[in-house]
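Here the structure comes first, spelled out in C-alpha cells, and everything after it is commentary.
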There are 2 protein chains.
Amino acid sequence: MSQQRRMMKLGAFLPAPGHHVAAWRHPHARPDGGLDFDYYRGLVRTAERGLFDMVFLSDGAGVRTKYRDADELSRQGRMVHFEPLTLLSALAVHTTHIGLTATASTTYNEPFNVARMFASLDHLSAGRSGWNVVTSATDAEARNFNLDRQPDHAARYRRAREFMEVVTGLWDSWEDDAFLYDKVSGRFFDPDKLHILGHRGEHFQVRGPLNVARPPQGHPVIVQAGSSPDGQDFAARWAEVVFTVQQTLDGAQTYYRGLKKQVADYGRDPDEVKILPGAFIVVGRTQAEAEDKYATLQDLVDPVVGLGMLSYQLGMVDLAGYDLDGPLPELPPTEGSTSKQQLIYEKARREGLTIRQLYLSVAAGRGHRFLLGTPESIADALEEWFVAEAADGFNIMPDYLPDGLDAIVELLVPELQRRGLMRTAYEGTTLRENLGLRRPAFRGAAGVSS
Amino acid sequence: MSQQRRMMKLGAFLPAPGHHVAAWRHPHARPDGGLDFDYYRGLVRTAERGLFDMVFLSDGAGVRTKYRDADELSRQGRMVHFEPLTLLSALAVHTTHIGLTATASTTYNEPFNVARMFASLDHLSAGRSGWNVVTSATDAEARNFNLDRQPDHAARYRRAREFMEVVTGLWDSWEDDAFLYDKVSGRFFDPDKLHILGHRGEHFQVRGPLNVARPPQGHPVIVQAGSSPDGQDFAARWAEVVFTVQQTLDGAQTYYRGLKKQVADYGRDPDEVKILPGAFIVVGRTQAEAEDKYATLQDLVDPVVGLGMLSYQLGMVDLAGYDLDGPLPELPPTEGSTSKQQLIYEKARREGLTIRQLYLSVAAGRGHRFLLGTPESIADALEEWFVAEAADGFNIMPDYLPDGLDAIVELLVPELQRRGLMRTAYEGTTLRENLGLRRPAFRGAAGVSS
C-alpha cells in the first residue's frame, strides 16, 4: 500500500432529516424530505460535488413501534421515506460519479429478487451500485413478514451466508461478453457463456440464470456493518466496505487489525476491504459556531424520543420507570447488535452519565464517534485514525440536513484535500474504481448449461 | 357515461426490441436496449408525446429455458432487461405525465415489499404508478424461488387474493393528512391517523404500518390480465385496468360484457374498470408500406424461435418432432393462462394453419389482435371495438422499436385525435386522473393503533 496515494474513502450517510434525533425539528430542516425526490437530488448532488465515494442509505422493512403508544411514536422524526432501491434508481439518472449504496435484508427478501434489483441498479448507474447487506434486527420487521419474532442472530447469519452464495452466483449467470446481439446469424448470446447456477442448499433452491446481464462492476460493491462475531466473520468473507461503530482509537485499531486479519484468513487481500467507522459530525467555522449548532439541536430533543432511541441502541431494552436523572441499570443482553450495546454501557460507566445525559449523548452520535469542532480539528481527528490504521475512511453522518452536509462539503472536504487526504477529482466512473476495489473475475457455476 | 367525453385509454406495452419475435434482428432495432436507460427514456418520452395513458412493462422472474439447449435459447431475442421497478423509478424523474405500470408477481414476492416499492414509485412519480398484478405462470420462475414446479393455478390465485388485501391495507397505514411535521410541538404525525393493519390470514401475517406515507393516488392503479375464470374473478374484484387477449369482436364483446357484470356483482362501478385488449400494430403511410414492414420482420423469424414461442403461448407444450408443415396436434391442457391457449387452437382450426404458419402468425401478434394497415384502417378497427363496447381502449403493442412506436405516435395518434377518440392534452397529472378513475377513499384497519 503506497502511503502517498492512500486516500480516505468517504460515505455520505443521508437519512432524510439528518442523524441527530431532533434534526427534523431544526428550523432549516425538511421533515418531509424523506419522500421528496428534489430534496434528495439536492443532497446527493452536494455529496457528489464533495467527491464522496458513495451515498449510503440505511433501511428497515418496517416502522419501529417499540414506543408504548402512537402518541409517543408521533414524536419520532424518521418514519416514512422512499424505499432505497427505487430512490437510488431515480438518483442514478441524475448523477454521474457518486456511488449509490442501498440497504436490503437477507432475512426478508428472496435472493433472486435482490440479485436482480441490484444488477438492474448497477446497469442504470453504469457501475455505481452498492449493496449494504443486513440481516435485520427488530421484531417490528419480523411482524411484517409472517413472524411474531425475528429468527435468532445465528440463524439469520446462516441464511445470509447462503444468500450471498446465491446472489453472487446469479450475478455470474452470463459472462461479461456473453451477449453478441448478432442480427445476421440470429445469435443473441454465445451459448457457451451462459452459466446455470443450479443452487440447492439449506435455505434456497435457485436455478437461474438471472434475467439481467452481468453488472458493469461484475458484482455491485458489497457493504456490511459487521460488529458481532458472526457479523465480523461475515464481513471478512464477503464485505468490500465495512461500516462500523467505533468510539476510541484503541478500539478502532483493534477492530481494524482484527478484521483485516480475518479477511486474510479467508485468502482475501486485506486492501480489498475498506473499513469505514461512522463519524457523526458537527462542523462550524469556529468552535463556538459548532457548539451553537449542537446546542440548538440538543435543546430540541424530546425526552420520550431520547429514551426511545437509547432503548433501541441498547437492543430494545425497556427503560420505562427508571429515574432519568439516575444511572443506567444493569440490563439483560438482547438479540441485536450486541457490541454496539456494550459500547454504550462502557461509555455510561466511563463518564458516569445519568440516563438523561446518556440519551442526550446517544441522540447526538447515535452511538457513533462524535466530532464537533472546526474543519481543522475534525480533520485532525479523522487523520489521526486514518494514519494510525484505525480506518480506511469514514461513513460521514451529518447532524442535520441539508445544512450539515453543505458545511461538510464547503468546510471539511477542502481541509482534507489540502492535507492530501482526499481526492480532488474522481479517479474513475464506477464505485469500484473510486474505492480502489478490483472488479470480481467471472466465476461461472459448475457447468450445467440451459 | 357521456358518449362525447369517452376517450380511448391507451397503454404503450414496450418490451425492449418490440413485440415481434424477430424485432431484435431488424436493422433499426436496438437489441441491447433492454439494459440501456437512454434508449428507454427515448421510448417513454415518445409515448408521452403521444399522450398515452401509461407505459406497461411485462415481467417474469426468470429466463424461460424451455428450449432444448442453450444453443436454441441463444436465438431468442428478449432475455435480459432492467427489473421494471428500478427502471420505472428512473423514468419517473425524466417524465411528467405518463403513467408507469410495472409487473410484479404475488407468487414470488412478499406483500410488504411490493406495497412499499409501488408506494415509493407513486411518490417518486407524483402519482403515476400502476401495478400489473400477476401470479406468474412458468416453472422457470418457480425454480428461482425454491420450488421445482409452480403452485397450481387455484393456489396461486388464493394467495393473490390475500396478497391484495394485505397490500391495499398497508397503503392505508396512514391517513392522507397524517403527517403534521410540526416542529414546534414535536408532533411528526397525528397519532389518531396511524392505522395498524394487523393482518392474519391463510398465507400472510403482516402487522404494518407501511414505512411510506399513503401514495399520492391513494393506491397505485391496479392492472391485471384476467383471462381464466379465476383471473376474471380476480380482475372483477381488484383490477382498475384489465389487459386482455381478444381476437374477434364477438369474443371481445362477450368478455367485456361479462367482466363488467362481474365487476358490478362485486358492488363496484363498471366504469371504474377499463378494459384494454392488446393490439399488435404494424402501421405504414400506405397499405403497401405496412405490408413491407411486416414482411421484413417475418423473414427474420428463426424456426427454432417461432416454435419456442408457439410452445410458450400454448402453455409450454412440447412440439418437438411434429412436422412444421403439418397441422397442430391435439395436446393435453397445461397450467398457465388456458384461455389464451384455447384462442390459438381455435385460430389454427378456423384458418387451417400448419404449425409453421401458426408460429409465424403467433410471432406477429403473440396471440393478440393483429392490425396491419394505414392509420385510417387501424383507427377504423380500433374505433369499431371501442364504440361497440368491446374495449375502453387498447394496450398498444408496437411491432419493433423505436420505429414502430414513432410511427404509431406520428401517424395513428393524430388520426385517433381527428376522430375525437383520443385526448389532445393530458387531463390531469396522475395516472388515475388521466384514466378517469376515482382516488380510493381511505379505508383504515379495524382500529388498533401503535
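Chain labels follow the order of the C-alpha cells: the first chain is A, the next B, and so on; residue numbering restarts at 1 in every chain, and ligands are counted from 1 in their shown order.
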Closest contacts (chain B/chain A, max 7 Å, only C-alpha atoms) as a Markdown table:
| residue | atom | partner | partner_atom | distance |
| --- | --- | --- | --- | --- |
| B:Arg25 | CA | A:Lys183 | CA | 4.5 |
| B:Pro31 | CA | A:Tyr181 | CA | 6.0 |
| B:Leu35 | CA | A:His123 | CA | 6.5 |
| B:Phe37 | CA | A:Leu124 | CA | 6.2 |
| B:Gly62 | CA | A:Asn211 | CA | 5.6 |
| B:Val63 | CA | A:Asn211 | CA | 5.5 |
| B:Thr65 | CA | A:Ser450 | CA | 6.1 |
| B:Asp69 | CA | A:Ser450 | CA | 5.3 |
| B:Ala70 | CA | A:Ser450 | CA | 4.8 |
| B:Asp71 | CA | A:Pro191 | CA | 5.3 |
| B:Ser74 | CA | A:Phe189 | CA | 5.2 |
| B:Arg75 | CA | A:Arg187 | CA | 5.0 |
| B:Gln76 | CA | A:Phe188 | CA | 6.6 |
| B:Gly77 | CA | A:Phe188 | CA | 5.9 |
| B:Met79 | CA | A:Asn211 | CA | 6.0 |
| B:Val80 | CA | A:Val212 | CA | 4.4 |
| B:His81 | CA | A:Val212 | CA | 5.4 |
| B:Phe82 | CA | A:Ser120 | CA | 5.2 |
| B:Glu83 | CA | A:Ser120 | CA | 5.8 |
| B:Leu85 | CA | A:Thr86 | CA | 6.8 |
| B:Thr86 | CA | A:Ser89 | CA | 5.4 |
| B:Ser89 | CA | A:Ala90 | CA | 5.2 |
| B:Ala90 | CA | A:Ala90 | CA | 4.0 |
| B:Val93 | CA | A:Ala90 | CA | 6.2 |
| B:Phe112 | CA | A:Asn144 | CA | 6.5 |
| B:Arg116 | CA | A:Glu83 | CA | 6.6 |
| B:Met117 | CA | A:Glu83 | CA | 6.2 |
| B:Ser120 | CA | A:Phe82 | CA | 5.2 |
| B:Leu121 | CA | A:Thr86 | CA | 6.6 |
| B:His123 | CA | A:Leu35 | CA | 6.6 |
| B:Leu124 | CA | A:Phe37 | CA | 6.2 |
| B:Arg143 | CA | A:Arg207 | CA | 5.6 |
| B:Asn144 | CA | A:Val206 | CA | 4.3 |
| B:Phe145 | CA | A:Val206 | CA | 5.9 |
| B:Asn146 | CA | A:Gln205 | CA | 4.2 |
| B:Leu147 | CA | A:Gln205 | CA | 6.9 |
| B:Tyr181 | CA | A:Pro31 | CA | 6.0 |
| B:Lys183 | CA | A:Arg25 | CA | 4.5 |
| B:Gly186 | CA | A:Arg75 | CA | 5.6 |
| B:Arg187 | CA | A:Arg75 | CA | 5.0 |
| B:Phe188 | CA | A:Ser74 | CA | 5.3 |
| B:Phe189 | CA | A:Ser74 | CA | 5.2 |
| B:Asp190 | CA | A:Ser74 | CA | 6.6 |
| B:Pro191 | CA | A:Ala70 | CA | 5.1 |
| B:Phe204 | CA | A:Asn146 | CA | 5.5 |
| B:Gln205 | CA | A:Asn146 | CA | 4.2 |
| B:Val206 | CA | A:Asn144 | CA | 4.2 |
| B:Arg207 | CA | A:Asn144 | CA | 5.3 |
| B:Gly208 | CA | A:Asn144 | CA | 5.9 |
| B:Pro209 | CA | A:Val63 | CA | 6.4 |
| B:Leu210 | CA | A:Gly62 | CA | 6.2 |
| B:Asn211 | CA | A:Val80 | CA | 4.5 |
| B:Val212 | CA | A:Val80 | CA | 4.4 |
| B:Ala213 | CA | A:Val80 | CA | 5.8 |
| B:Ser449 | CA | A:Ala70 | CA | 6.3 |
| B:Ser450 | CA | A:Ala70 | CA | 4.7 |
Region 231-234 of chain A: which residues within 9 Å, counting only C-alpha atoms, same-chain residues fewer than 5 positions away excluded, as a list of chain:residue names?
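Contacts, in chain order: A:Tyr157, A:Ala160, A:Arg161, A:Gln224, A:Ala225, A:Gly226, A:Ala239, A:Leu259, A:Gln262, A:Val263, A:Ser337.
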Spatial neighbours of Pro270 (chain A), 12 Å, only C-alpha atoms, chain gap at least 6 places, as a PDB file with N, CA, C and O atoms, in the first residue's frame:
ATOM      1  N   MET A   1       0.848  -1.195   0.000  1.00  0.00           N
ATOM      2  CA  MET A   1       0.000   0.000   0.000  1.00  0.00           C
ATOM      3  C   MET A   1       0.886   1.248   0.000  1.00  0.00           C
ATOM      4  O   MET A   1       1.618   1.494   0.945  1.00  0.00           O
ATOM      5  N   ALA A 235     -18.418 -10.296   7.371  1.00  0.00           N
ATOM      6  CA  ALA A 235     -17.730  -9.190   6.692  1.00  0.00           C
ATOM      7  C   ALA A 235     -16.405  -9.670   6.108  1.00  0.00           C
ATOM      8  O   ALA A 235     -16.045  -9.327   4.986  1.00  0.00           O
ATOM      9  N   ALA A 236     -15.657 -10.463   6.894  1.00  0.00           N
ATOM     10  CA  ALA A 236     -14.347 -10.926   6.442  1.00  0.00           C
ATOM     11  C   ALA A 236     -14.474 -11.761   5.171  1.00  0.00           C
ATOM     12  O   ALA A 236     -13.637 -11.698   4.278  1.00  0.00           O
ATOM     13  N   ARG A 237     -15.546 -12.526   5.073  1.00  0.00           N
ATOM     14  CA  ARG A 237     -15.742 -13.386   3.904  1.00  0.00           C
ATOM     15  C   ARG A 237     -16.290 -12.624   2.715  1.00  0.00           C
ATOM     16  O   ARG A 237     -15.897 -12.868   1.570  1.00  0.00           O
ATOM     17  N   TRP A 238     -17.218 -11.680   2.949  1.00  0.00           N
ATOM     18  CA  TRP A 238     -17.990 -11.116   1.853  1.00  0.00           C
ATOM     19  C   TRP A 238     -17.815  -9.623   1.625  1.00  0.00           C
ATOM     20  O   TRP A 238     -17.950  -9.143   0.491  1.00  0.00           O
ATOM     21  N   ALA A 239     -17.585  -8.842   2.675  1.00  0.00           N
ATOM     22  CA  ALA A 239     -17.686  -7.386   2.525  1.00  0.00           C
ATOM     23  C   ALA A 239     -16.499  -6.799   1.775  1.00  0.00           C
ATOM     24  O   ALA A 239     -15.385  -7.322   1.832  1.00  0.00           O
ATOM     25  N   GLU A 240     -16.753  -5.675   1.113  1.00  0.00           N
ATOM     26  CA  GLU A 240     -15.695  -4.904   0.462  1.00  0.00           C
ATOM     27  C   GLU A 240     -15.605  -3.516   1.095  1.00  0.00           C
ATOM     28  O   GLU A 240     -14.594  -2.845   0.992  1.00  0.00           O
ATOM     29  N   VAL A 241     -16.684  -3.121   1.728  1.00  0.00           N
ATOM     30  CA  VAL A 241     -16.703  -1.911   2.546  1.00  0.00           C
ATOM     31  C   VAL A 241     -17.372  -2.312   3.856  1.00  0.00           C
ATOM     32  O   VAL A 241     -18.417  -2.969   3.836  1.00  0.00           O
ATOM     33  N   VAL A 242     -16.755  -1.945   4.966  1.00  0.00           N
ATOM     34  CA  VAL A 242     -17.342  -2.255   6.265  1.00  0.00           C
ATOM     35  C   VAL A 242     -17.618  -0.955   6.998  1.00  0.00           C
ATOM     36  O   VAL A 242     -16.735  -0.113   7.154  1.00  0.00           O
ATOM     37  N   TYR A 256      -9.906  -2.878  13.444  1.00  0.00           N
ATOM     38  CA  TYR A 256      -9.305  -2.796  12.106  1.00  0.00           C
ATOM     39  C   TYR A 256      -8.315  -3.943  11.892  1.00  0.00           C
ATOM     40  O   TYR A 256      -8.393  -4.689  10.923  1.00  0.00           O
ATOM     41  N   ARG A 257      -7.386  -4.077  12.855  1.00  0.00           N
ATOM     42  CA  ARG A 257      -6.384  -5.149  12.740  1.00  0.00           C
ATOM     43  C   ARG A 257      -7.055  -6.512  12.712  1.00  0.00           C
ATOM     44  O   ARG A 257      -6.703  -7.382  11.918  1.00  0.00           O
ATOM     45  N   GLY A 258      -8.008  -6.676  13.617  1.00  0.00           N
ATOM     46  CA  GLY A 258      -8.677  -7.978  13.717  1.00  0.00           C
ATOM     47  C   GLY A 258      -9.409  -8.354  12.441  1.00  0.00           C
ATOM     48  O   GLY A 258      -9.291  -9.477  11.938  1.00  0.00           O
ATOM     49  N   LEU A 259     -10.155  -7.376  11.902  1.00  0.00           N
ATOM     50  CA  LEU A 259     -10.940  -7.692  10.707  1.00  0.00           C
ATOM     51  C   LEU A 259     -10.029  -7.938   9.501  1.00  0.00           C
ATOM     52  O   LEU A 259     -10.246  -8.872   8.729  1.00  0.00           O
ATOM     53  N   LYS A 260      -8.986  -7.113   9.368  1.00  0.00           N
ATOM     54  CA  LYS A 260      -8.085  -7.305   8.220  1.00  0.00           C
ATOM     55  C   LYS A 260      -7.433  -8.687   8.291  1.00  0.00           C
ATOM     56  O   LYS A 260      -7.216  -9.338   7.264  1.00  0.00           O
ATOM     57  N   LYS A 261      -7.123  -9.126   9.524  1.00  0.00           N
ATOM     58  CA  LYS A 261      -6.543 -10.465   9.663  1.00  0.00           C
ATOM     59  C   LYS A 261      -7.570 -11.533   9.259  1.00  0.00           C
ATOM     60  O   LYS A 261      -7.237 -12.489   8.536  1.00  0.00           O
ATOM     61  N   GLN A 262      -8.799 -11.349   9.715  1.00  0.00           N
ATOM     62  CA  GLN A 262      -9.837 -12.325   9.340  1.00  0.00           C
ATOM     63  C   GLN A 262     -10.035 -12.366   7.813  1.00  0.00           C
ATOM     64  O   GLN A 262     -10.268 -13.419   7.245  1.00  0.00           O
ATOM     65  N   VAL A 263      -9.918 -11.190   7.190  1.00  0.00           N
ATOM     66  CA  VAL A 263     -10.028 -11.117   5.732  1.00  0.00           C
ATOM     67  C   VAL A 263      -8.923 -11.957   5.100  1.00  0.00           C
ATOM     68  O   VAL A 263      -9.165 -12.774   4.195  1.00  0.00           O
ATOM     69  N   ALA A 264      -7.703 -11.774   5.609  1.00  0.00           N
ATOM     70  CA  ALA A 264      -6.558 -12.531   5.087  1.00  0.00           C
ATOM     71  C   ALA A 264      -6.753 -14.026   5.317  1.00  0.00           C
ATOM     72  O   ALA A 264      -6.397 -14.856   4.472  1.00  0.00           O
ATOM     73  N   ASP A 392      -9.948   3.156   6.979  1.00  0.00           N
ATOM     74  CA  ASP A 392      -9.585   3.462   5.592  1.00  0.00           C
ATOM     75  C   ASP A 392     -10.360   4.677   5.091  1.00  0.00           C
ATOM     76  O   ASP A 392     -10.197   5.094   3.951  1.00  0.00           O
ATOM     77  N   LEU A 437     -11.218  -0.794  -5.572  1.00  0.00           N
ATOM     78  CA  LEU A 437     -11.508  -2.226  -5.444  1.00  0.00           C
ATOM     79  C   LEU A 437     -11.426  -2.885  -6.819  1.00  0.00           C
ATOM     80  O   LEU A 437     -11.882  -2.307  -7.814  1.00  0.00           O
TER      81      LEU A 437
END
When distances are computed from only C-alpha atoms, which of A:His153, A:Arg432, A:His219, A:His20 shows the smallest separation from Phe280 (chain A)?
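Answer, going by the shortest atom-to-atom distance: A:His20.
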Which of region 238-352 of chain A counts as alpha helix (DSSP H) under DSSP, as an NGL selection string please?
:A and (238 or 249-265 or 287-298 or 303-313 or 338-351)
Quick one: everything within 8 Å of Ala104 (chain A), counting only C-alpha atoms, minus sequence neighbours fewer than 6 positions away in the same chain. Send it as a PyMOL selection string.
chain A and resi 59+114+131-134
Preceding selection exported with N, CA, C and O atoms as an mmCIF file, in the first residue's frame:
data_model
loop_
_atom_site.group_PDB
_atom_site.id
_atom_site.type_symbol
_atom_site.label_atom_id
_atom_site.label_comp_id
_atom_site.auth_asym_id
_atom_site.auth_seq_id
_atom_site.Cartn_x
_atom_site.Cartn_y
_atom_site.Cartn_z
ATOM 1 N N ASP A 59 -31.793 1.204 6.098
ATOM 2 C CA ASP A 59 -33.169 0.836 5.832
ATOM 3 C C ASP A 59 -33.660 -0.206 6.816
ATOM 4 O O ASP A 59 -32.888 -0.981 7.365
ATOM 5 N N VAL A 114 -33.259 -9.890 -4.957
ATOM 6 C CA VAL A 114 -32.192 -8.955 -4.561
ATOM 7 C C VAL A 114 -31.095 -8.901 -5.628
ATOM 8 O O VAL A 114 -30.640 -7.814 -6.014
ATOM 9 N N TRP A 131 -24.457 -2.664 -2.306
ATOM 10 C CA TRP A 131 -25.494 -3.314 -1.506
ATOM 11 C C TRP A 131 -25.015 -3.430 -0.069
ATOM 12 O O TRP A 131 -24.038 -4.108 0.195
ATOM 13 N N ASN A 132 -25.688 -2.726 0.821
ATOM 14 C CA ASN A 132 -25.416 -2.886 2.246
ATOM 15 C C ASN A 132 -26.238 -4.065 2.754
ATOM 16 O O ASN A 132 -27.460 -3.981 2.872
ATOM 17 N N VAL A 133 -25.553 -5.147 3.045
ATOM 18 C CA VAL A 133 -26.213 -6.398 3.422
ATOM 19 C C VAL A 133 -26.554 -6.352 4.906
ATOM 20 O O VAL A 133 -25.664 -6.186 5.750
ATOM 21 N N VAL A 134 -27.816 -6.493 5.233
ATOM 22 C CA VAL A 134 -28.210 -6.588 6.644
ATOM 23 C C VAL A 134 -29.063 -7.837 6.835
ATOM 24 O O VAL A 134 -29.700 -8.323 5.895
#
DSSP on the backbone, then: every residue of region 47-216 of chain B marked strand (DSSP E or B), written as a PyMOL selection string.
chain B and resi 54-57+99-105+129-134+174+179-182+187-189+194+199-200+205-206
For Glu289 (chain B), work out the shell of residues within 12 Å, counting only C-alpha atoms and skipping chain neighbours fewer than 4 positions away, then give it as an mmCIF file with C-alpha atoms, in the first residue's frame.
data_model
loop_
_atom_site.group_PDB
_atom_site.id
_atom_site.type_symbol
_atom_site.label_atom_id
_atom_site.label_comp_id
_atom_site.auth_asym_id
_atom_site.auth_seq_id
_atom_site.Cartn_x
_atom_site.Cartn_y
_atom_site.Cartn_z
ATOM 1 C CA VAL B 282 -47.923 -2.545 -37.912
ATOM 2 C CA VAL B 283 -48.735 0.851 -39.374
ATOM 3 C CA GLY B 284 -47.497 2.416 -42.603
ATOM 4 C CA ARG B 285 -48.391 5.521 -44.540
ATOM 5 C CA LYS B 293 -42.546 -3.665 -42.834
ATOM 6 C CA TYR B 294 -44.264 -6.851 -41.795
ATOM 7 C CA ALA B 295 -42.590 -8.972 -44.462
ATOM 8 C CA THR B 296 -39.192 -7.684 -43.340
ATOM 9 C CA LEU B 372 -51.731 -4.091 -40.134
ATOM 10 C CA GLY B 373 -52.521 -1.155 -42.353
ATOM 11 C CA THR B 374 -52.779 2.585 -42.724
ATOM 12 C CA PRO B 375 -53.573 4.999 -39.880
ATOM 13 C CA ALA B 407 -44.956 5.534 -36.455
#
Need the shell around Ser311 (chain A): protein/DNA/RNA residues with any atom at most 10 Å away, counting only C-alpha atoms. Skip same-chain ones fewer than 5 positions apart. Format as a PyMOL selection string?
chain A and resi 66-67+305-306+316-320+341+359
CA of Asp403 (chain A) and CA of Ala379 (chain A) are how many Å apart?
18.7 Å
Could you please determine the separation between CA of Asp399 (chain B) and CA of Ile281 (chain B) in Å, to one decimal place?
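A separation of 6.1 Å between them.
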Go through B:Met422, B:Val223, B:Ile378, B:Leu10 one by one, measure the shortest atom-to-atom distance of each to Gln287 (chain B) using only C-alpha atoms, and give the residue with the smallest value.
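For Gln287 (chain B), the nearest of the candidates is B:Ile378.
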Counting only C-alpha atoms, the option among B:Gln253, B:Ser377, B:Asn434, B:Thr46 closest to Gly99 (chain B):
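Checking each candidate against Gly99 (chain B), we get B:Asn434 as the closest.
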Can you measure CA of Val221 (chain B) to CA of Phe52 (chain B) for me? One decimal in Å is fine.
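Result for CA of Val221 (chain B) versus CA of Phe52 (chain B): 15.2 Å, one decimal.
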